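**Student:** Input coords-v6.pdb, format and content: PDB, N, CA and C atoms, pLDDT in the B column.
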```pdb
ATOM      1  N   MET A  16     120.892  79.549 113.509  1.00 81.00           N
ATOM      2  CA  MET A  16     121.201  78.155 113.255  1.00 81.00           C
ATOM      3  C   MET A  16     119.888  77.401 113.074  1.00 81.00           C
ATOM      4  N   ALA A  17     119.655  76.935 111.879  1.00 90.00           N
ATOM      5  CA  ALA A  17     118.392  76.281 111.537  1.00 90.00           C
ATOM      6  C   ALA A  17     118.203  74.964 112.300  1.00 90.00           C
ATOM      7  N   PHE A  18     119.276  74.229 112.512  1.00 92.00           N
ATOM      8  CA  PHE A  18     119.152  72.941 113.192  1.00 92.00           C
ATOM      9  C   PHE A  18     118.702  73.128 114.639  1.00 92.00           C
ATOM     10  N   VAL A  19     119.267  74.082 115.328  1.00 92.00           N
ATOM     11  CA  VAL A  19     118.883  74.334 116.719  1.00 92.00           C
ATOM     12  C   VAL A  19     117.455  74.867 116.766  1.00 92.00           C
ATOM     13  N   THR A  20     117.081  75.700 115.808  1.00 92.00           N
ATOM     14  CA  THR A  20     115.705  76.193 115.733  1.00 92.00           C
ATOM     15  C   THR A  20     114.736  75.025 115.598  1.00 92.00           C
ATOM     16  N   PHE A  21     115.057  74.092 114.718  1.00 95.00           N
ATOM     17  CA  PHE A  21     114.201  72.919 114.530  1.00 95.00           C
ATOM     18  C   PHE A  21     114.145  72.061 115.784  1.00 95.00           C
ATOM     19  N   MET A  22     115.298  71.774 116.373  1.00 93.00           N
ATOM     20  CA  MET A  22     115.341  70.868 117.520  1.00 93.00           C
ATOM     21  C   MET A  22     114.682  71.437 118.764  1.00 93.00           C
ATOM     22  N   THR A  23     114.666  72.756 118.923  1.00 93.00           N
ATOM     23  CA  THR A  23     114.017  73.347 120.089  1.00 93.00           C
ATOM     24  C   THR A  23     112.548  73.641 119.852  1.00 93.00           C
ATOM     25  N   GLY A  24     112.096  73.476 118.616  1.00 93.00           N
ATOM     26  CA  GLY A  24     110.681  73.676 118.309  1.00 93.00           C
ATOM     27  C   GLY A  24     109.863  72.443 118.661  1.00 93.00           C
ATOM     28  N   ASN A  25     108.563  72.565 118.530  1.00 95.00           N
ATOM     29  CA  ASN A  25     107.666  71.461 118.876  1.00 95.00           C
ATOM     30  C   ASN A  25     107.915  70.216 118.026  1.00 95.00           C
ATOM     31  N   THR A  26     108.173  70.409 116.733  1.00 96.00           N
ATOM     32  CA  THR A  26     108.421  69.263 115.854  1.00 96.00           C
ATOM     33  C   THR A  26     109.698  68.535 116.250  1.00 96.00           C
ATOM     34  N   GLY A  27     110.742  69.278 116.545  1.00 95.00           N
ATOM     35  CA  GLY A  27     112.011  68.675 116.973  1.00 95.00           C
ATOM     36  C   GLY A  27     111.879  67.950 118.295  1.00 95.00           C
ATOM     37  N   ARG A  28     111.123  68.530 119.204  1.00 96.00           N
ATOM     38  CA  ARG A  28     110.913  67.881 120.504  1.00 96.00           C
ATOM     39  C   ARG A  28     110.162  66.565 120.311  1.00 96.00           C
ATOM     40  N   MET A  29     109.126  66.584 119.484  1.00 97.00           N
ATOM     41  CA  MET A  29     108.360  65.366 119.228  1.00 97.00           C
ATOM     42  C   MET A  29     109.238  64.317 118.537  1.00 97.00           C
ATOM     43  N   LEU A  30     110.071  64.760 117.611  1.00 96.00           N
ATOM     44  CA  LEU A  30     110.975  63.840 116.917  1.00 96.00           C
ATOM     45  C   LEU A  30     111.944  63.182 117.898  1.00 96.00           C
ATOM     46  N   ARG A  31     112.453  63.940 118.875  1.00 96.00           N
ATOM     47  CA  ARG A  31     113.366  63.366 119.873  1.00 96.00           C
ATOM     48  C   ARG A  31     112.653  62.333 120.738  1.00 96.00           C
ATOM     49  N   ILE A  32     111.407  62.606 121.095  1.00 97.00           N
ATOM     50  CA  ILE A  32     110.645  61.650 121.891  1.00 97.00           C
ATOM     51  C   ILE A  32     110.426  60.364 121.104  1.00 97.00           C
ATOM     52  N   ILE A  33     110.014  60.498 119.847  1.00 98.00           N
ATOM     53  CA  ILE A  33     109.768  59.319 119.007  1.00 98.00           C
ATOM     54  C   ILE A  33     111.060  58.546 118.768  1.00 98.00           C
ATOM     55  N   ALA A  34     112.159  59.253 118.490  1.00 97.00           N
ATOM     56  CA  ALA A  34     113.448  58.580 118.269  1.00 97.00           C
ATOM     57  C   ALA A  34     113.891  57.844 119.527  1.00 97.00           C
ATOM     58  N   GLY A  35     113.678  58.440 120.688  1.00 97.00           N
ATOM     59  CA  GLY A  35     114.030  57.778 121.945  1.00 97.00           C
ATOM     60  C   GLY A  35     113.209  56.527 122.182  1.00 97.00           C
ATOM     61  N   ILE A  36     111.920  56.597 121.873  1.00 97.00           N
ATOM     62  CA  ILE A  36     111.063  55.420 122.036  1.00 97.00           C
ATOM     63  C   ILE A  36     111.488  54.310 121.088  1.00 97.00           C
ATOM     64  N   ILE A  37     111.820  54.678 119.855  1.00 97.00           N
ATOM     65  CA  ILE A  37     112.291  53.674 118.889  1.00 97.00           C
ATOM     66  C   ILE A  37     113.606  53.065 119.356  1.00 97.00           C
ATOM     67  N   LEU A  38     114.521  53.897 119.832  1.00 96.00           N
ATOM     68  CA  LEU A  38     115.811  53.409 120.327  1.00 96.00           C
ATOM     69  C   LEU A  38     115.623  52.472 121.515  1.00 96.00           C
ATOM     70  N   MET A  39     114.715  52.827 122.400  1.00 96.00           N
ATOM     71  CA  MET A  39     114.445  51.989 123.559  1.00 96.00           C
ATOM     72  C   MET A  39     113.829  50.656 123.132  1.00 96.00           C
ATOM     73  N   THR A  40     112.924  50.696 122.179  1.00 96.00           N
ATOM     74  CA  THR A  40     112.295  49.470 121.680  1.00 96.00           C
ATOM     75  C   THR A  40     113.323  48.552 121.041  1.00 96.00           C
ATOM     76  N   VAL A  41     114.219  49.133 120.248  1.00 96.00           N
ATOM     77  CA  VAL A  41     115.284  48.330 119.632  1.00 96.00           C
ATOM     78  C   VAL A  41     116.162  47.712 120.715  1.00 96.00           C
ATOM     79  N   GLY A  42     116.481  48.480 121.736  1.00 94.00           N
ATOM     80  CA  GLY A  42     117.324  47.961 122.813  1.00 94.00           C
ATOM     81  C   GLY A  42     116.681  46.811 123.560  1.00 94.00           C
ATOM     82  N   VAL A  43     115.380  46.911 123.794  1.00 94.00           N
ATOM     83  CA  VAL A  43     114.691  45.878 124.570  1.00 94.00           C
ATOM     84  C   VAL A  43     114.349  44.655 123.728  1.00 94.00           C
ATOM     85  N   LEU A  44     113.858  44.875 122.515  1.00 95.00           N
ATOM     86  CA  LEU A  44     113.334  43.768 121.722  1.00 95.00           C
ATOM     87  C   LEU A  44     114.319  43.161 120.727  1.00 95.00           C
ATOM     88  N   VAL A  45     115.281  43.941 120.257  1.00 95.00           N
ATOM     89  CA  VAL A  45     116.184  43.443 119.223  1.00 95.00           C
ATOM     90  C   VAL A  45     117.554  43.098 119.798  1.00 95.00           C
ATOM     91  N   VAL A  46     118.178  44.051 120.475  1.00 94.00           N
ATOM     92  CA  VAL A  46     119.555  43.851 120.948  1.00 94.00           C
ATOM     93  C   VAL A  46     119.579  42.943 122.178  1.00 94.00           C
ATOM     94  N   LYS A  47     118.714  43.223 123.154  1.00 86.00           N
ATOM     95  CA  LYS A  47     118.576  42.439 124.394  1.00 86.00           C
ATOM     96  C   LYS A  47     119.863  42.425 125.220  1.00 86.00           C
ATOM     97  N   ASP A  48     119.883  41.648 126.254  1.00 91.00           N
ATOM     98  CA  ASP A  48     121.018  41.494 127.173  1.00 91.00           C
ATOM     99  C   ASP A  48     121.543  42.843 127.676  1.00 91.00           C
ATOM    100  N   THR A  49     122.806  42.904 128.027  1.00 95.00           N
ATOM    101  CA  THR A  49     123.390  44.093 128.640  1.00 95.00           C
ATOM    102  C   THR A  49     123.424  45.268 127.678  1.00 95.00           C
ATOM    103  N   LEU A  50     123.812  45.037 126.450  1.00 95.00           N
ATOM    104  CA  LEU A  50     123.873  46.120 125.465  1.00 95.00           C
ATOM    105  C   LEU A  50     122.485  46.702 125.210  1.00 95.00           C
ATOM    106  N   GLY A  51     121.482  45.862 125.190  1.00 95.00           N
ATOM    107  CA  GLY A  51     120.120  46.335 125.020  1.00 95.00           C
ATOM    108  C   GLY A  51     119.660  47.200 126.182  1.00 95.00           C
ATOM    109  N   THR A  52     120.061  46.813 127.387  1.00 95.00           N
ATOM    110  CA  THR A  52     119.737  47.613 128.570  1.00 95.00           C
ATOM    111  C   THR A  52     120.429  48.963 128.514  1.00 95.00           C
ATOM    112  N   VAL A  53     121.701  48.963 128.131  1.00 96.00           N
ATOM    113  CA  VAL A  53     122.450  50.223 128.005  1.00 96.00           C
ATOM    114  C   VAL A  53     121.796  51.114 126.954  1.00 96.00           C
ATOM    115  N   LEU A  54     121.417  50.543 125.829  1.00 96.00           N
ATOM    116  CA  LEU A  54     120.755  51.288 124.761  1.00 96.00           C
ATOM    117  C   LEU A  54     119.434  51.872 125.249  1.00 96.00           C
ATOM    118  N   SER A  55     118.698  51.119 126.017  1.00 95.00           N
ATOM    119  CA  SER A  55     117.419  51.595 126.561  1.00 95.00           C
ATOM    120  C   SER A  55     117.614  52.740 127.544  1.00 95.00           C
ATOM    121  N   VAL A  56     118.653  52.657 128.353  1.00 96.00           N
ATOM    122  CA  VAL A  56     118.929  53.734 129.301  1.00 96.00           C
ATOM    123  C   VAL A  56     119.380  54.999 128.555  1.00 96.00           C
ATOM    124  N   VAL A  57     120.208  54.831 127.535  1.00 96.00           N
ATOM    125  CA  VAL A  57     120.654  55.971 126.728  1.00 96.00           C
ATOM    126  C   VAL A  57     119.460  56.612 126.018  1.00 96.00           C
ATOM    127  N   ALA A  58     118.473  55.823 125.644  1.00 97.00           N
ATOM    128  CA  ALA A  58     117.280  56.340 124.975  1.00 97.00           C
ATOM    129  C   ALA A  58     116.480  57.271 125.865  1.00 97.00           C
ATOM    130  N   LEU A  59     116.688  57.204 127.167  1.00 97.00           N
ATOM    131  CA  LEU A  59     115.982  58.103 128.078  1.00 97.00           C
ATOM    132  C   LEU A  59     116.418  59.561 127.888  1.00 97.00           C
ATOM    133  N   ILE A  60     117.613  59.784 127.375  1.00 96.00           N
ATOM    134  CA  ILE A  60     118.124  61.148 127.197  1.00 96.00           C
ATOM    135  C   ILE A  60     117.285  61.918 126.171  1.00 96.00           C
ATOM    136  N   PRO A  61     117.089  61.409 124.934  1.00 96.00           N
ATOM    137  CA  PRO A  61     116.252  62.174 124.009  1.00 96.00           C
ATOM    138  C   PRO A  61     114.785  62.238 124.439  1.00 96.00           C
ATOM    139  N   ILE A  62     114.296  61.202 125.108  1.00 97.00           N
ATOM    140  CA  ILE A  62     112.915  61.239 125.588  1.00 97.00           C
ATOM    141  C   ILE A  62     112.767  62.348 126.627  1.00 97.00           C
ATOM    142  N   ALA A  63     113.675  62.383 127.589  1.00 97.00           N
ATOM    143  CA  ALA A  63     113.631  63.418 128.620  1.00 97.00           C
ATOM    144  C   ALA A  63     113.839  64.807 128.019  1.00 97.00           C
ATOM    145  N   GLY A  64     114.728  64.900 127.054  1.00 96.00           N
ATOM    146  CA  GLY A  64     114.972  66.191 126.406  1.00 96.00           C
ATOM    147  C   GLY A  64     113.731  66.729 125.723  1.00 96.00           C
ATOM    148  N   GLY A  65     113.014  65.859 125.059  1.00 96.00           N
ATOM    149  CA  GLY A  65     111.786  66.284 124.397  1.00 96.00           C
ATOM    150  C   GLY A  65     110.695  66.639 125.384  1.00 96.00           C
ATOM    151  N   LEU A  66     110.548  65.838 126.414  1.00 97.00           N
ATOM    152  CA  LEU A  66     109.492  66.074 127.398  1.00 97.00           C
ATOM    153  C   LEU A  66     109.780  67.272 128.298  1.00 97.00           C
ATOM    154  N   LEU A  67     111.040  67.428 128.701  1.00 96.00           N
ATOM    155  CA  LEU A  67     111.406  68.472 129.653  1.00 96.00           C
ATOM    156  C   LEU A  67     111.943  69.732 128.985  1.00 96.00           C
ATOM    157  N   ASP A  68     111.975  69.755 127.660  1.00 95.00           N
ATOM    158  CA  ASP A  68     112.382  70.917 126.869  1.00 95.00           C
ATOM    159  C   ASP A  68     113.810  71.356 127.156  1.00 95.00           C
ATOM    160  N   PHE A  69     114.751  70.442 126.944  1.00 95.00           N
ATOM    161  CA  PHE A  69     116.155  70.828 126.930  1.00 95.00           C
ATOM    162  C   PHE A  69     116.799  70.228 125.693  1.00 95.00           C
ATOM    163  N   CYS A  70     117.884  70.857 125.246  1.00 92.00           N
ATOM    164  CA  CYS A  70     118.521  70.429 123.998  1.00 92.00           C
ATOM    165  C   CYS A  70     120.034  70.382 124.193  1.00 92.00           C
ATOM    166  N   ILE A  71     120.555  69.196 124.250  1.00 92.00           N
ATOM    167  CA  ILE A  71     121.992  69.004 124.446  1.00 92.00           C
ATOM    168  C   ILE A  71     122.774  69.502 123.232  1.00 92.00           C
ATOM    169  N   VAL A  72     122.259  69.263 122.037  1.00 91.00           N
ATOM    170  CA  VAL A  72     122.937  69.703 120.818  1.00 91.00           C
ATOM    171  C   VAL A  72     123.034  71.226 120.791  1.00 91.00           C
ATOM    172  N   GLY A  73     121.974  71.896 121.211  1.00 91.00           N
ATOM    173  CA  GLY A  73     122.013  73.357 121.276  1.00 91.00           C
ATOM    174  C   GLY A  73     123.082  73.847 122.228  1.00 91.00           C
ATOM    175  N   ALA A  74     123.203  73.185 123.364  1.00 92.00           N
ATOM    176  CA  ALA A  74     124.225  73.568 124.340  1.00 92.00           C
ATOM    177  C   ALA A  74     125.629  73.355 123.775  1.00 92.00           C
ATOM    178  N   VAL A  75     125.828  72.274 123.048  1.00 94.00           N
ATOM    179  CA  VAL A  75     127.130  71.995 122.437  1.00 94.00           C
ATOM    180  C   VAL A  75     127.477  73.071 121.394  1.00 94.00           C
ATOM    181  N   LEU A  76     126.447  73.582 120.708  1.00 93.00           N
ATOM    182  CA  LEU A  76     126.665  74.588 119.669  1.00 93.00           C
ATOM    183  C   LEU A  76     126.664  76.021 120.208  1.00 93.00           C
ATOM    184  N   GLY A  77     126.624  76.173 121.533  1.00 93.00           N
ATOM    185  CA  GLY A  77     126.753  77.489 122.123  1.00 93.00           C
ATOM    186  C   GLY A  77     125.445  78.172 122.484  1.00 93.00           C
ATOM    187  N   TYR A  78     124.349  77.468 122.412  1.00 95.00           N
ATOM    188  CA  TYR A  78     123.055  78.022 122.798  1.00 95.00           C
ATOM    189  C   TYR A  78     122.711  77.543 124.203  1.00 95.00           C
ATOM    190  N   PRO A  79     121.756  78.211 124.866  1.00 95.00           N
ATOM    191  CA  PRO A  79     121.369  77.766 126.204  1.00 95.00           C
ATOM    192  C   PRO A  79     120.847  76.337 126.215  1.00 95.00           C
ATOM    193  N   PHE A  80     121.017  75.669 127.339  1.00 95.00           N
ATOM    194  CA  PHE A  80     120.585  74.280 127.511  1.00 95.00           C
ATOM    195  C   PHE A  80     119.063  74.173 127.493  1.00 95.00           C
ATOM    196  N   ARG A  81     118.395  75.098 128.149  1.00 96.00           N
ATOM    197  CA  ARG A  81     116.932  75.086 128.200  1.00 96.00           C
ATOM    198  C   ARG A  81     116.362  75.519 126.854  1.00 96.00           C
ATOM    199  N   GLY A  82     115.346  74.820 126.401  1.00 94.00           N
ATOM    200  CA  GLY A  82     114.754  75.104 125.101  1.00 94.00           C
ATOM    201  C   GLY A  82     114.160  76.496 124.998  1.00 94.00           C
ATOM    202  N   ALA A  83     113.466  76.943 126.039  1.00 94.00           N
ATOM    203  CA  ALA A  83     112.845  78.269 126.003  1.00 94.00           C
ATOM    204  C   ALA A  83     113.901  79.364 125.869  1.00 94.00           C
ATOM    205  N   ALA A  84     114.976  79.237 126.605  1.00 95.00           N
ATOM    206  CA  ALA A  84     116.058  80.227 126.530  1.00 95.00           C
ATOM    207  C   ALA A  84     116.737  80.192 125.162  1.00 95.00           C
ATOM    208  N   ALA A  85     116.899  79.005 124.612  1.00 94.00           N
ATOM    209  CA  ALA A  85     117.500  78.881 123.278  1.00 94.00           C
ATOM    210  C   ALA A  85     116.601  79.525 122.230  1.00 94.00           C
ATOM    211  N   ARG A  86     115.288  79.319 122.329  1.00 94.00           N
ATOM    212  CA  ARG A  86     114.353  79.938 121.383  1.00 94.00           C
ATOM    213  C   ARG A  86     114.396  81.457 121.493  1.00 94.00           C
ATOM    214  N   GLU A  87     114.516  81.984 122.717  1.00 95.00           N
ATOM    215  CA  GLU A  87     114.621  83.437 122.906  1.00 95.00           C
ATOM    216  C   GLU A  87     115.886  83.978 122.248  1.00 95.00           C
ATOM    217  N   GLN A  88     117.001  83.295 122.450  1.00 95.00           N
ATOM    218  CA  GLN A  88     118.261  83.739 121.851  1.00 95.00           C
ATOM    219  C   GLN A  88     118.177  83.667 120.326  1.00 95.00           C
ATOM    220  N   LEU A  89     117.594  82.610 119.792  1.00 94.00           N
ATOM    221  CA  LEU A  89     117.445  82.492 118.342  1.00 94.00           C
ATOM    222  C   LEU A  89     116.564  83.611 117.784  1.00 94.00           C
ATOM    223  N   ALA A  90     115.503  83.969 118.510  1.00 93.00           N
ATOM    224  CA  ALA A  90     114.623  85.056 118.068  1.00 93.00           C
ATOM    225  C   ALA A  90     115.378  86.386 118.063  1.00 93.00           C
ATOM    226  N   ARG A  91     116.196  86.630 119.094  1.00 94.00           N
ATOM    227  CA  ARG A  91     116.999  87.858 119.131  1.00 94.00           C
ATOM    228  C   ARG A  91     117.986  87.897 117.971  1.00 94.00           C
ATOM    229  N   GLU A  92     118.589  86.746 117.641  1.00 92.00           N
ATOM    230  CA  GLU A  92     119.534  86.693 116.520  1.00 92.00           C
ATOM    231  C   GLU A  92     118.833  86.987 115.198  1.00 92.00           C
ATOM    232  N   ARG A  93     117.614  86.474 115.044  1.00 91.00           N
ATOM    233  CA  ARG A  93     116.863  86.741 113.801  1.00 91.00           C
ATOM    234  C   ARG A  93     116.505  88.222 113.688  1.00 91.00           C
ATOM    235  N   GLN A  94     116.164  88.855 114.804  1.00 93.00           N
ATOM    236  CA  GLN A  94     115.784  90.267 114.794  1.00 93.00           C
ATOM    237  C   GLN A  94     116.978  91.160 114.492  1.00 93.00           C
ATOM    238  N   SER A  95     118.154  90.751 114.915  1.00 88.00           N
ATOM    239  CA  SER A  95     119.340  91.592 114.719  1.00 88.00           C
ATOM    240  C   SER A  95     119.873  91.526 113.289  1.00 88.00           C
ATOM    241  N   ARG A  96     119.375  90.624 112.488  1.00 78.00           N
ATOM    242  CA  ARG A  96     119.864  90.514 111.095  1.00 78.00           C
ATOM    243  C   ARG A  96     119.246  91.539 110.215  1.00 78.00           C
TER
END
```
Could you express the structure from this file as structure tokens?
**Tutor:**
Amino acid sequence: MAFVTFMTGNTGRMLRIIAGIILMTVGVLVVKDTLGTVLSVVALIPIAGGLLDFCIVGAVLGYPFRGAAAREQLARERQSR
């Protein structure tokens, strides 16, 4: 699965961190009030995922939650082809 490979790689992790920071900035500076706070808290999920190396999308698609384990499984799948 190319998407999971990308998201568990360094580029995907960095993209999740940047997207989370942008989402948090929009929540604080643009939306404001309660919805902005909720948006900022939700933005912590992709930031934490990128920093702590976990991938929720990978888990939903049947891969391990931890990024390292998902990369190992993806490597085994590539070798078996």
**Student:** Check chain A with DSSP on the backbone and list each residue it calls alpha helix (DSSP H), as number ranges by chain.
**Tutor:** A: 17-23, 25-40, 48-57, 59-67, 71-75, 82-95
**Student:** What does the PyMOL selection byres (((chain A and resi 69 and name CA) around 9) and name CA) select in this file, as a PyMOL selection string?
**Tutor:** chain A and resi 23+28+63-68+70-71+73-74+79-83+85
**Student:** Just the number, please: distance in Å from atom CA of A:Val19 to atom C of A:Ile36, one decimal.
**Tutor:** 21.8 Å
**Student:** Extract, using only C-alpha atoms, all DNA, RNA and protein residues at most 7 Å from A:Met39, discarding same-chain residues fewer than 4 positions from it, and format them as JSON, numbers by chain.
**Tutor:** {"A": [35, 43, 54, 55, 58]}
**Student:** Just to confirm, what's the straight-line distance from atom CA of A:Leu38 to atom C of A:Thr26 in Å (one decimal)?
**Tutor:** 16.8 Å
**Student:** How far is it from atom N of A:Phe18 to atom C of A:Glu87, in Å with one decimal?
**Tutor:** 14.2 Å
